[in-house]
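Data from upload-v7.cif: mmCIF, C-alpha atoms
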data_query
loop_
_atom_site.label_atom_id
_atom_site.label_comp_id
_atom_site.auth_asym_id
_atom_site.auth_seq_id
_atom_site.Cartn_x
_atom_site.Cartn_y
_atom_site.Cartn_z
CA MET F 71 0.00 0.00 0.00
CA ARG F 72 1.46 3.36 -1.05
CA THR F 73 1.61 5.99 1.65
CA SER F 74 1.48 9.70 0.92
CA ARG F 75 4.49 11.87 1.53
CA PRO F 76 4.48 13.86 4.78
CA THR F 77 3.38 17.47 4.49
CA LEU F 78 6.16 19.90 5.35
CA PRO F 79 5.03 23.21 6.91
CA LEU F 80 6.82 26.36 5.72
CA THR F 81 6.19 30.10 5.84
CA LEU F 82 7.83 32.34 3.24
CA ASP F 83 8.16 36.05 3.94
CA VAL F 84 7.15 37.83 0.71
CA SER F 85 7.95 41.38 1.83
CA PRO F 86 10.25 41.93 -1.20
CA LEU F 87 7.15 41.67 -3.42
CA LEU F 88 5.94 45.00 -2.04
CA ASP F 89 8.27 46.69 -4.53
CA PRO F 90 6.14 48.09 -7.39
CA HIS F 91 8.80 47.23 -10.01
CA TRP F 92 10.29 43.79 -9.62
CA THR F 93 13.97 43.28 -10.29
CA GLY F 94 16.67 41.49 -8.35
CA ILE F 95 15.43 40.23 -4.98
CA PRO F 96 11.69 40.65 -5.75
CA VAL F 97 12.16 38.49 -8.88
CA PHE F 98 14.08 35.95 -6.80
CA THR F 99 11.20 35.95 -4.28
CA ARG F 100 8.63 35.41 -7.03
CA ARG F 101 10.54 32.46 -8.45
CA LEU F 102 11.09 30.94 -5.02
CA ALA F 103 7.38 31.27 -4.14
CA ASN F 104 6.34 29.66 -7.42
CA ALA F 105 8.88 26.85 -7.03
CA LEU F 106 7.65 26.01 -3.53
CA LEU F 107 3.97 26.25 -4.51
CA ARG F 108 4.60 23.59 -7.17
CA GLU F 109 5.91 21.15 -4.55
CA ASN F 110 3.04 19.07 -3.17
CA ARG F 111 5.19 18.06 -0.21
CA VAL F 112 5.16 21.61 1.18
CA ASP F 113 2.29 23.15 3.17
CA MET F 114 2.92 26.78 2.19
CA GLU F 115 1.94 29.89 4.08
CA PHE F 116 3.06 33.45 3.41
CA SER F 117 3.73 36.54 5.49
CA CYS F 118 4.84 40.15 5.36
CA GLY F 119 6.51 40.63 8.71
CA THR F 120 3.85 39.61 11.24
CA ALA F 121 0.99 39.85 8.74
CA HIS F 122 -0.33 36.57 7.38
CA ILE F 123 -1.03 36.74 3.63
CA PRO F 124 -3.56 34.18 2.29
CA ASN F 125 -2.30 31.93 -0.47
CA GLU F 126 -4.89 33.15 -2.96
CA CYS F 127 -3.68 36.72 -2.45
CA VAL F 128 -0.05 35.71 -3.04
CA ARG F 129 -1.00 33.78 -6.18
CA ALA F 130 -2.81 36.86 -7.51
CA VAL F 131 0.22 39.05 -6.75
CA LEU F 132 2.52 36.57 -8.52
CA ARG F 133 0.28 36.59 -11.60
CA ALA F 134 0.12 40.40 -11.62
CA GLY F 135 3.89 40.77 -11.39
CA SER F 136 3.74 43.86 -9.18
CA GLY F 137 3.54 44.76 -5.52
CA VAL F 138 0.49 47.00 -5.94
CA LEU F 139 -2.01 44.27 -5.03
CA LEU F 140 -0.02 43.33 -1.94
CA HIS F 141 0.00 46.93 -0.76
CA GLU F 142 -3.76 47.14 -1.28
CA PHE F 143 -4.36 43.95 0.67
CA LEU F 144 -2.28 45.09 3.64
CA ALA F 145 -4.02 48.46 3.64
CA GLU F 146 -7.48 46.86 3.65
CA GLN F 147 -6.72 44.12 6.18
CA PRO F 148 -4.10 45.52 8.56
CA LYS F 149 -5.11 43.51 11.64
CA ARG F 150 -7.48 40.78 10.61
CA PHE F 151 -4.73 38.62 9.23
CA ARG F 152 -2.13 39.00 11.98
CA LYS F 153 -0.84 35.57 12.84
CA THR F 154 2.07 33.98 14.64
CA HIS F 155 4.46 31.74 12.69
CA ARG F 156 6.17 30.47 15.83
CA ASP F 157 5.73 26.75 15.14
CA ARG F 158 6.48 26.83 11.39
CA PRO F 159 9.91 27.19 9.77
CA LEU F 160 10.18 30.75 8.43
CA LEU F 161 12.26 31.62 5.37
CA PHE F 162 13.31 35.14 4.38
CA PRO F 163 14.21 35.56 0.67
CA SER F 164 16.69 38.23 1.75
CA VAL F 165 18.41 39.13 4.99
CA LYS F 166 15.80 39.54 7.72
CA ARG F 167 15.30 42.79 9.58
CA THR F 168 14.07 41.20 12.82
CA SER F 169 14.40 37.72 14.30
CA GLY F 170 12.48 35.58 16.74
CA HIS F 171 9.26 35.25 14.75
CA ALA F 172 9.74 31.47 14.52
CA LYS F 173 11.64 28.73 16.31
CA ARG F 174 13.40 27.84 13.06
CA GLU F 175 14.45 30.67 10.77
CA ALA F 176 16.53 30.93 7.61
CA SER F 177 17.48 33.86 5.43
CA THR F 178 19.10 34.37 2.05
CA VAL F 179 22.34 36.17 1.19
CA HIS F 180 22.49 37.33 -2.41
CA ASP F 181 25.94 38.88 -2.33
CA VAL F 182 28.46 40.37 0.09
CA SER F 183 29.75 43.14 -2.16
CA THR F 184 28.95 45.74 0.51
CA LEU F 185 31.75 44.17 2.57
CA LEU F 186 34.09 43.27 -0.29
CA MET F 187 33.89 46.57 -2.18
CA PRO F 188 32.08 49.15 -0.03
CA GLU F 189 33.12 51.99 -2.34
CA THR F 190 30.56 50.77 -4.89
CA HIS F 191 27.61 51.04 -2.48
CA LEU F 192 25.67 53.72 -0.64
CA ASP F 193 27.08 54.46 2.81
CA THR F 194 23.78 53.55 4.49
CA ASN F 195 23.86 50.02 3.03
CA VAL F 196 27.48 49.55 4.02
CA ARG F 197 26.81 50.70 7.58
CA HIS F 198 23.86 48.34 7.90
CA HIS F 199 25.94 45.32 6.88
CA LEU F 200 28.87 46.32 9.05
CA GLU F 201 26.68 46.84 12.11
CA HIS F 202 23.94 44.22 11.79
CA PHE F 203 24.79 41.56 9.19
CA ALA F 204 26.63 39.08 11.43
CA ALA F 205 24.03 39.37 14.21
CA GLU F 206 21.15 38.76 11.80
CA LEU F 207 22.77 35.62 10.40
CA ARG F 208 23.69 34.34 13.86
CA THR F 209 20.01 33.70 14.64
CA ASP F 210 19.52 31.61 11.47
CA GLU F 211 19.39 27.84 11.49
CA VAL F 212 20.42 27.91 7.82
CA VAL F 213 21.81 30.66 5.59
CA PHE F 214 20.99 30.18 1.90
CA CYS F 215 23.44 31.70 -0.57
CA ALA F 216 22.62 32.69 -4.15
CA SER F 217 25.67 30.88 -5.52
CA GLU F 218 28.73 28.89 -4.50
CA ALA F 219 30.76 32.07 -5.06
CA THR F 220 28.54 33.91 -2.56
CA ARG F 221 28.77 31.03 -0.08
CA SER F 222 32.56 30.99 -0.34
CA ALA F 223 32.84 34.75 0.14
CA LEU F 224 30.40 34.76 3.06
CA THR F 225 32.12 31.97 4.96
CA THR F 226 35.49 33.60 4.41
CA LEU F 227 34.26 36.92 5.80
CA LEU F 228 32.12 35.34 8.55
CA PRO F 229 33.58 31.90 9.41
CA GLY F 230 30.77 31.33 11.92
CA THR F 231 28.36 30.76 9.02
CA THR F 232 30.39 27.88 7.50
CA SER F 233 28.41 25.01 9.02
CA LYS F 234 25.00 26.41 8.02
CA ALA F 235 25.62 28.04 4.62
CA ARG F 236 23.95 26.28 1.67
CA VAL F 237 23.62 27.18 -2.00
CA LEU F 238 20.20 28.13 -3.42
CA HIS F 239 20.36 28.66 -7.19
CA GLN F 240 17.42 30.27 -8.93
CA TYR F 241 15.95 29.55 -12.36
CA VAL F 242 14.15 31.30 -15.24
CA ASP F 243 10.38 31.12 -15.75
CA TRP F 244 9.25 33.22 -18.70
CA PRO F 245 5.43 33.43 -18.94
CA GLU F 246 4.12 30.98 -21.55
CA GLU F 247 2.34 33.70 -23.51
CA PHE F 248 5.54 35.66 -24.19
CA ALA F 249 6.64 33.41 -27.08
CA ALA F 250 3.23 33.63 -28.77
CA LEU F 251 3.05 37.41 -28.36
CA GLU F 252 6.56 37.79 -29.73
CA GLN F 253 5.72 35.89 -32.92
CA ASN F 254 3.15 38.54 -33.87
CA LEU F 255 5.50 41.49 -33.49
CA PRO F 256 8.21 42.84 -35.80
CA ARG F 257 11.84 42.73 -34.81
CA PRO F 258 12.92 45.76 -32.73
CA ARG F 259 14.34 48.46 -35.00
CA LEU F 260 17.73 48.52 -33.36
CA GLY F 261 19.92 46.85 -35.95
CA ARG F 262 22.51 44.45 -34.53
CA TYR F 263 22.98 45.06 -30.83
CA ALA F 264 24.38 43.59 -27.64
CA LEU F 265 22.34 44.00 -24.46
CA VAL F 266 23.54 45.28 -21.10
CA MET F 267 21.11 44.71 -18.20
CA GLY F 268 20.95 45.87 -14.61
CA THR F 269 20.47 48.94 -12.42
CA ILE F 270 23.05 51.51 -13.44
CA GLU F 271 25.37 51.98 -10.45
CA PRO F 272 29.13 51.82 -9.80
CA ARG F 273 29.25 48.05 -9.17
CA LYS F 274 27.81 47.40 -12.63
CA ASN F 275 31.02 48.86 -14.10
CA LEU F 276 29.42 50.65 -17.04
CA THR F 277 32.39 53.01 -17.22
CA LEU F 278 34.44 50.12 -18.62
CA ILE F 279 32.13 49.92 -21.64
CA LEU F 280 32.18 53.68 -22.11
CA ASP F 281 35.98 53.67 -22.04
CA ALA F 282 36.00 50.92 -24.68
CA LEU F 283 33.60 52.63 -27.09
CA GLY F 284 36.45 54.48 -28.77
CA SER F 285 38.53 51.34 -29.34
CA PRO F 286 39.13 50.12 -32.91
CA GLU F 287 37.27 46.88 -32.19
CA LEU F 288 34.03 48.64 -31.21
CA LEU F 289 34.34 51.45 -33.73
CA GLN F 290 34.64 48.92 -36.56
CA SER F 291 31.81 46.72 -35.27
CA ASP F 292 28.25 47.05 -36.56
CA ILE F 293 26.95 45.95 -33.15
CA ARG F 294 25.61 48.75 -30.96
CA LEU F 295 25.05 48.54 -27.20
CA VAL F 296 21.61 48.82 -25.61
CA VAL F 297 21.54 49.37 -21.82
CA VAL F 298 18.41 48.27 -19.95
CA GLY F 299 17.86 49.18 -16.31
CA ARG F 300 16.87 51.77 -13.77
CA MET F 301 19.15 54.65 -12.97
CA GLY F 302 20.81 53.99 -9.63
CA TRP F 303 23.21 56.22 -7.76
CA LYS F 304 26.20 58.16 -9.14
CA THR F 305 24.75 57.99 -12.67
CA GLU F 306 23.95 61.61 -13.46
CA GLN F 307 27.53 62.69 -14.10
CA LEU F 308 28.30 59.51 -16.02
CA LEU F 309 25.49 60.18 -18.50
CA GLU F 310 26.20 63.90 -18.73
CA ASP F 311 29.83 63.19 -19.67
CA LEU F 312 28.96 61.03 -22.68
CA THR F 313 30.55 62.37 -25.86
CA PRO F 314 28.61 62.55 -29.15
CA PRO F 315 30.50 59.53 -30.60
CA GLN F 316 29.69 57.53 -27.46
CA ARG F 317 26.01 58.45 -27.70
CA GLU F 318 25.95 57.10 -31.25
CA ARG F 319 27.22 53.71 -30.07
CA ILE F 320 25.09 53.24 -26.95
CA GLN F 321 21.39 53.60 -26.12
CA PHE F 322 19.72 53.70 -22.68
CA THR F 323 16.14 52.44 -22.34
CA GLY F 324 15.60 52.86 -18.60
CA PHE F 325 13.40 50.34 -16.77
CA VAL F 326 11.35 48.08 -19.07
CA SER F 327 8.62 45.51 -18.52
CA GLU F 328 9.37 41.78 -18.39
CA PHE F 329 7.95 41.31 -21.87
CA VAL F 330 10.05 44.10 -23.37
CA LYS F 331 13.10 42.64 -21.65
CA TYR F 332 12.23 39.24 -23.12
CA ARG F 333 11.94 40.76 -26.61
CA LEU F 334 15.24 42.60 -26.30
CA LEU F 335 16.98 39.41 -25.19
CA ARG F 336 15.40 37.35 -27.96
CA HIS F 337 16.76 39.66 -30.66
CA CYS F 338 20.14 40.66 -29.27
CA GLU F 339 23.39 39.11 -30.49
CA PHE F 340 24.63 38.46 -26.95
CA LEU F 341 24.49 39.80 -23.40
CA VAL F 342 27.27 41.95 -21.93
CA PHE F 343 27.78 41.68 -18.17
CA PRO F 344 30.69 43.90 -17.04
CA SER F 345 29.92 43.95 -13.29
CA LEU F 346 32.75 44.02 -10.80
CA TYR F 347 30.80 41.58 -8.63
CA GLU F 348 27.54 39.63 -8.81
CA GLY F 349 26.08 37.23 -6.27
CA PHE F 350 24.39 35.26 -9.06
CA GLY F 351 23.67 37.39 -12.12
CA ILE F 352 20.14 36.41 -13.18
CA PRO F 353 20.29 38.34 -16.50
CA ALA F 354 22.98 35.90 -17.62
CA LEU F 355 20.68 32.95 -17.01
CA GLU F 356 17.76 34.75 -18.65
CA ALA F 357 19.86 35.34 -21.74
CA MET F 358 21.11 31.75 -21.88
CA SER F 359 17.56 30.41 -21.59
CA LEU F 360 16.89 32.13 -24.94
CA GLY F 361 20.06 30.80 -26.53
CA LYS F 362 22.10 33.96 -26.08
CA PRO F 363 25.73 33.71 -24.95
CA VAL F 364 27.22 36.06 -22.37
CA LEU F 365 30.30 38.29 -22.48
CA ALA F 366 31.09 38.58 -18.78
CA SER F 367 33.64 39.74 -16.25
CA ARG F 368 36.01 37.06 -15.04
CA THR F 369 34.87 37.44 -11.45
CA SER F 370 32.57 36.26 -8.65
CA SER F 371 29.70 33.96 -9.73
CA PHE F 372 29.97 34.36 -13.52
CA PRO F 373 32.07 31.26 -14.32
CA GLU F 374 29.81 29.20 -12.04
CA VAL F 375 26.57 30.34 -13.69
CA ILE F 376 27.69 30.84 -17.30
CA GLY F 377 30.21 28.02 -17.68
CA ARG F 378 31.10 27.43 -21.34
CA ALA F 379 28.24 29.60 -22.60
CA GLY F 380 30.29 32.77 -22.76
CA LEU F 381 33.62 34.53 -23.00
CA TYR F 382 35.32 36.34 -20.12
CA PHE F 383 37.41 39.48 -19.68
CA ASP F 384 39.22 41.39 -16.96
CA PRO F 385 36.61 43.87 -15.58
CA LEU F 386 39.39 46.46 -15.06
CA SER F 387 40.73 46.33 -18.63
CA ALA F 388 38.88 48.24 -21.36
CA SER F 389 41.32 46.92 -23.97
CA GLU F 390 40.70 43.29 -23.00
CA PHE F 391 36.97 43.91 -23.02
CA ALA F 392 37.18 45.38 -26.53
CA ALA F 393 39.25 42.46 -27.85
CA THR F 394 36.89 39.88 -26.30
CA PHE F 395 33.89 41.78 -27.66
CA ALA F 396 35.32 41.38 -31.17
CA ASP F 397 35.91 37.65 -30.58
CA MET F 398 32.34 37.20 -29.35
CA ALA F 399 30.84 39.02 -32.34
CA ALA F 400 32.28 36.54 -34.86
CA PRO F 401 29.35 34.52 -36.37
CA GLU F 402 30.97 31.10 -35.84
CA GLN F 403 31.71 31.97 -32.21
CA LEU F 404 28.15 33.14 -31.60
CA SER F 405 26.73 29.97 -33.14
CA GLN F 406 28.86 27.67 -30.99
CA LEU F 407 28.28 29.59 -27.77
CA SER F 408 24.53 29.76 -28.37
CA ARG F 409 24.34 25.96 -28.24
CA HIS F 410 26.26 25.95 -24.98
CA ALA F 411 23.94 28.64 -23.62
CA LEU F 412 20.79 26.57 -24.04
CA ARG F 413 22.41 23.52 -22.46
CA GLN F 414 23.80 25.50 -19.54
CA SER F 415 20.44 27.11 -18.77
CA THR F 416 18.77 23.71 -18.28
CA ARG F 417 20.94 23.10 -15.20
CA PHE F 418 18.84 25.64 -13.28
CA THR F 419 15.29 24.46 -12.57
CA SER F 420 12.30 25.17 -10.36
CA ARG F 421 12.72 21.84 -8.59
CA GLY F 422 16.41 22.53 -8.09
CA MET F 423 15.57 25.82 -6.39
CA ALA F 424 13.00 24.23 -4.09
CA ALA F 425 15.16 21.24 -3.11
CA PRO F 426 17.56 22.93 -0.63
CA VAL F 427 14.63 24.57 1.15
CA ILE F 428 12.72 21.29 1.40
CA ASN F 429 15.83 19.54 2.73
CA TRP F 430 16.18 22.20 5.40
CA VAL F 431 12.52 22.02 6.45
CA ARG F 432 12.59 18.27 6.88
CA GLY F 433 16.00 18.40 8.57
CA SER F 434 18.17 16.81 5.87
CA ALA F 435 21.89 17.51 6.14
CA ASP F 436 22.30 18.63 2.55
CA ARG F 437 25.57 20.52 2.71
#
As structure tokens, how would this structure be written, given the file I've shared?
Amino acid sequence: MRTSRPTLPLTLDVSPLLDPHWTGIPVFTRRLANALLRENRVDMEFSCGTAHIPNECVRAVLRAGSGVLLHEFLAEQPKRFRKTHRDRPLLFPSVKRTSGHAKREASTVHDVSTLLMPETHLDTNVRHHLEHFAAELRTDEVVFCASEATRSALTTLLPGTTSKARVLHQYVDWPEEFAALEQNLPRPRLGRYALVMGTIEPRKNLTLILDALGSPELLQSDIRLVVVGRMGWKTEQLLEDLTPPQRERIQFTGFVSEFVKYRLLRHCEFLVFPSLYEGFGIPALEAMSLGKPVLASRTSSFPEVIGRAGLYFDPLSASEFAATFADMAAPEQLSQLSRHALRQSTRFTSRGMAAPVINWVRGSADR
């Protein structure tokens, strides 16, 4: 007689979904919530701090792809849905702000660049990590890390986390209707282009690309650069200082919807990822899932995530970037790397994202 699998109770804090425009950690939270909802072994509940969020509300928020509905729900039901999560394992998709809500708690570290390269971050973020980071993690039963590179950096900086740090890779889940919608639209009128994605801030190292725009390799190439992402900090002067020749070679779109991002990735030649440091680098995986190779910095998590699906360069060398850009643009190179990209992307799945969490909840020593 077949017996059913035991139901594993888990509460996921979905506070990152309150952001009206989802990038980074909110997207990670959405994918983690969907991955866990697909697992019939898990009895899921959701919270925002001490507020219990019904599953049907979370599912509606996930479908909408915005935090607006979640804000509306909390405004309409501020007290009715207060609930303790004391007896259920509680997982934070990012570092938690307060502890003690549950007997068993875990949080997620996406990167430690605030500690490794504080000059690329706002002072307030650096101070928070210097003053509170270790104490927050000390109360965790498990600390999930966005990549092996993040786990290695974290345990080097905070050796006390070594025994409880585990890797939690994410995956890509484009909406099914995107492919059908795309078929009915003309190709973007951008010519041949390479895509750069991410919030524009010092850590993203956009100045390297700007420095390389005047190189022979880029001047002779028919591939332009399209930069997608919100304007972060220390960007005003960078954009004001662009020369007319640079403006002819590069275009900034600002923040775009998920579907527009999908379209831009589908039609680009390859993705450029010049960051000085990334905890995971989800745009790389998004590009690979559409068969697009990645030209990336030889640093942090990129070799782990991209593998043989890209070419690498020194993020401090504009000349090496330019030379590698020219290598990447060769048709035979693009064709070969595109095949690697599709294969590499299949290593990252919904079930693979859920597995480390499930192992923690049921007490498996998956380390």
Contacts of Ser291 of chain F within 9 Å, all atoms listed in the file, excl. fewer than 3 positions in-chain, as a ChimeraX atom specification: /F:286-288,294,396,399
Residue subset to file, keeping C-alpha atoms, as an mmCIF file, in the frame of the given file:
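Saved file out.cif follows:
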data_model
loop_
_atom_site.group_PDB
_atom_site.id
_atom_site.type_symbol
_atom_site.label_atom_id
_atom_site.label_comp_id
_atom_site.auth_asym_id
_atom_site.auth_seq_id
_atom_site.Cartn_x
_atom_site.Cartn_y
_atom_site.Cartn_z
ATOM 1 C CA PRO F 286 39.130 50.120 -32.910
ATOM 2 C CA GLU F 287 37.270 46.880 -32.190
ATOM 3 C CA LEU F 288 34.030 48.640 -31.210
ATOM 4 C CA ARG F 294 25.610 48.750 -30.960
ATOM 5 C CA ALA F 396 35.320 41.380 -31.170
ATOM 6 C CA ALA F 399 30.840 39.020 -32.340
#
Pick from F:Ser370, F:Ser415, F:Ser389, F:Ser222, whichever lies nearest to Ala354 of chain F using only C-alpha atoms: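 Ranked by minimum distance to Ala354 of chain F, first place goes to F:Ser415.
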Residue with smallest distance to His239 of chain F - pool F:Asp210, F:Glu218, F:Asp193, F:Glu402, counting all atoms listed in the file: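 Checking each candidate against His239 of chain F, we get F:Glu218 as the closest.
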Point-to-point distance from atom CA of Thr120 of chain F to atom CA of Leu88 of chain F, Å rounded to tenths: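 Computing it gives 14.5 Å between the two atoms.
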Tell me which residues the PyMOL selection byres ((chain F and resi 107) around 12) grabs here, as a PDB file with C-alpha atoms, in the coordinates of the input.
ATOM      1  CA  LEU F  78       6.160  19.900   5.350  1.00  0.00           C
ATOM      2  CA  PRO F  79       5.030  23.210   6.910  1.00  0.00           C
ATOM      3  CA  LEU F  80       6.820  26.360   5.720  1.00  0.00           C
ATOM      4  CA  THR F  81       6.190  30.100   5.840  1.00  0.00           C
ATOM      5  CA  LEU F  82       7.830  32.340   3.240  1.00  0.00           C
ATOM      6  CA  ARG F 100       8.630  35.410  -7.030  1.00  0.00           C
ATOM      7  CA  ARG F 101      10.540  32.460  -8.450  1.00  0.00           C
ATOM      8  CA  LEU F 102      11.090  30.940  -5.020  1.00  0.00           C
ATOM      9  CA  ALA F 103       7.380  31.270  -4.140  1.00  0.00           C
ATOM     10  CA  ASN F 104       6.340  29.660  -7.420  1.00  0.00           C
ATOM     11  CA  ALA F 105       8.880  26.850  -7.030  1.00  0.00           C
ATOM     12  CA  LEU F 106       7.650  26.010  -3.530  1.00  0.00           C
ATOM     13  CA  ARG F 108       4.600  23.590  -7.170  1.00  0.00           C
ATOM     14  CA  GLU F 109       5.910  21.150  -4.550  1.00  0.00           C
ATOM     15  CA  ASN F 110       3.040  19.070  -3.170  1.00  0.00           C
ATOM     16  CA  ARG F 111       5.190  18.060  -0.210  1.00  0.00           C
ATOM     17  CA  VAL F 112       5.160  21.610   1.180  1.00  0.00           C
ATOM     18  CA  ASP F 113       2.290  23.150   3.170  1.00  0.00           C
ATOM     19  CA  MET F 114       2.920  26.780   2.190  1.00  0.00           C
ATOM     20  CA  GLU F 115       1.940  29.890   4.080  1.00  0.00           C
ATOM     21  CA  PHE F 116       3.060  33.450   3.410  1.00  0.00           C
ATOM     22  CA  ASN F 125      -2.300  31.930  -0.470  1.00  0.00           C
ATOM     23  CA  GLU F 126      -4.890  33.150  -2.960  1.00  0.00           C
ATOM     24  CA  VAL F 128      -0.050  35.710  -3.040  1.00  0.00           C
ATOM     25  CA  ARG F 129      -1.000  33.780  -6.180  1.00  0.00           C
ATOM     26  CA  LEU F 132       2.520  36.570  -8.520  1.00  0.00           C
ATOM     27  CA  SER F 420      12.300  25.170 -10.360  1.00  0.00           C
ATOM     28  CA  ARG F 421      12.720  21.840  -8.590  1.00  0.00           C
ATOM     29  CA  MET F 423      15.570  25.820  -6.390  1.00  0.00           C
ATOM     30  CA  ALA F 424      13.000  24.230  -4.090  1.00  0.00           C
ATOM     31  CA  ILE F 428      12.720  21.290   1.400  1.00  0.00           C
TER      32      ILE F 428
END
Residue nearest Leu280 of chain F among F:Leu228, F:Leu312, F:Leu412, F:Val212 (counting only C-alpha atoms): F:Leu312
Pick from F:Leu295, F:Ala282, F:Thr93, F:Glu339 nearest to Pro401 of chain F, counting all atoms listed in the file: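 Among the listed residues, F:Glu339 lies closest to Pro401 of chain F.
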Check what the PyMOL selection byres ((chain F and resi 138) around 12) selects in the file above and give those residues as a PDB file with C-alpha atoms, in the coordinates of the input.
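Writing done, so here's selection-v3.pdb:
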ATOM      1  CA  PRO F  86      10.250  41.930  -1.200  1.00  0.00           C
ATOM      2  CA  LEU F  87       7.150  41.670  -3.420  1.00  0.00           C
ATOM      3  CA  LEU F  88       5.940  45.000  -2.040  1.00  0.00           C
ATOM      4  CA  ASP F  89       8.270  46.690  -4.530  1.00  0.00           C
ATOM      5  CA  PRO F  90       6.140  48.090  -7.390  1.00  0.00           C
ATOM      6  CA  HIS F  91       8.800  47.230 -10.010  1.00  0.00           C
ATOM      7  CA  TRP F  92      10.290  43.790  -9.620  1.00  0.00           C
ATOM      8  CA  CYS F 127      -3.680  36.720  -2.450  1.00  0.00           C
ATOM      9  CA  VAL F 128      -0.050  35.710  -3.040  1.00  0.00           C
ATOM     10  CA  ALA F 130      -2.810  36.860  -7.510  1.00  0.00           C
ATOM     11  CA  VAL F 131       0.220  39.050  -6.750  1.00  0.00           C
ATOM     12  CA  LEU F 132       2.520  36.570  -8.520  1.00  0.00           C
ATOM     13  CA  ARG F 133       0.280  36.590 -11.600  1.00  0.00           C
ATOM     14  CA  ALA F 134       0.120  40.400 -11.620  1.00  0.00           C
ATOM     15  CA  GLY F 135       3.890  40.770 -11.390  1.00  0.00           C
ATOM     16  CA  SER F 136       3.740  43.860  -9.180  1.00  0.00           C
ATOM     17  CA  GLY F 137       3.540  44.760  -5.520  1.00  0.00           C
ATOM     18  CA  LEU F 139      -2.010  44.270  -5.030  1.00  0.00           C
ATOM     19  CA  LEU F 140      -0.020  43.330  -1.940  1.00  0.00           C
ATOM     20  CA  HIS F 141       0.000  46.930  -0.760  1.00  0.00           C
ATOM     21  CA  GLU F 142      -3.760  47.140  -1.280  1.00  0.00           C
ATOM     22  CA  PHE F 143      -4.360  43.950   0.670  1.00  0.00           C
ATOM     23  CA  LEU F 144      -2.280  45.090   3.640  1.00  0.00           C
ATOM     24  CA  ALA F 145      -4.020  48.460   3.640  1.00  0.00           C
TER      25      ALA F 145
END
Spatial sel., origin (10.2, 37.8, -23.3), limit 9 Å, all atoms listed in the file, listed as a JSON list (two decimals) with C-alpha atoms, in the coordinates of the input:
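Result written to point.json:
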[["chain", "number", "residue", "atom", "x", "y", "z"],
["F", 244, "TRP", "CA", 9.25, 33.22, -18.70],
["F", 245, "PRO", "CA", 5.43, 33.43, -18.94],
["F", 247, "GLU", "CA", 2.34, 33.70, -23.51],
["F", 248, "PHE", "CA", 5.54, 35.66, -24.19],
["F", 249, "ALA", "CA", 6.64, 33.41, -27.08],
["F", 251, "LEU", "CA", 3.05, 37.41, -28.36],
["F", 252, "GLU", "CA", 6.56, 37.79, -29.73],
["F", 328, "GLU", "CA", 9.37, 41.78, -18.39],
["F", 329, "PHE", "CA", 7.95, 41.31, -21.87],
["F", 330, "VAL", "CA", 10.05, 44.10, -23.37],
["F", 331, "LYS", "CA", 13.10, 42.64, -21.65],
["F", 332, "TYR", "CA", 12.23, 39.24, -23.12],
["F", 333, "ARG", "CA", 11.94, 40.76, -26.61],
["F", 334, "LEU", "CA", 15.24, 42.60, -26.30],
["F", 335, "LEU", "CA", 16.98, 39.41, -25.19],
["F", 336, "ARG", "CA", 15.40, 37.35, -27.96],
["F", 360, "LEU", "CA", 16.89, 32.13, -24.94]]
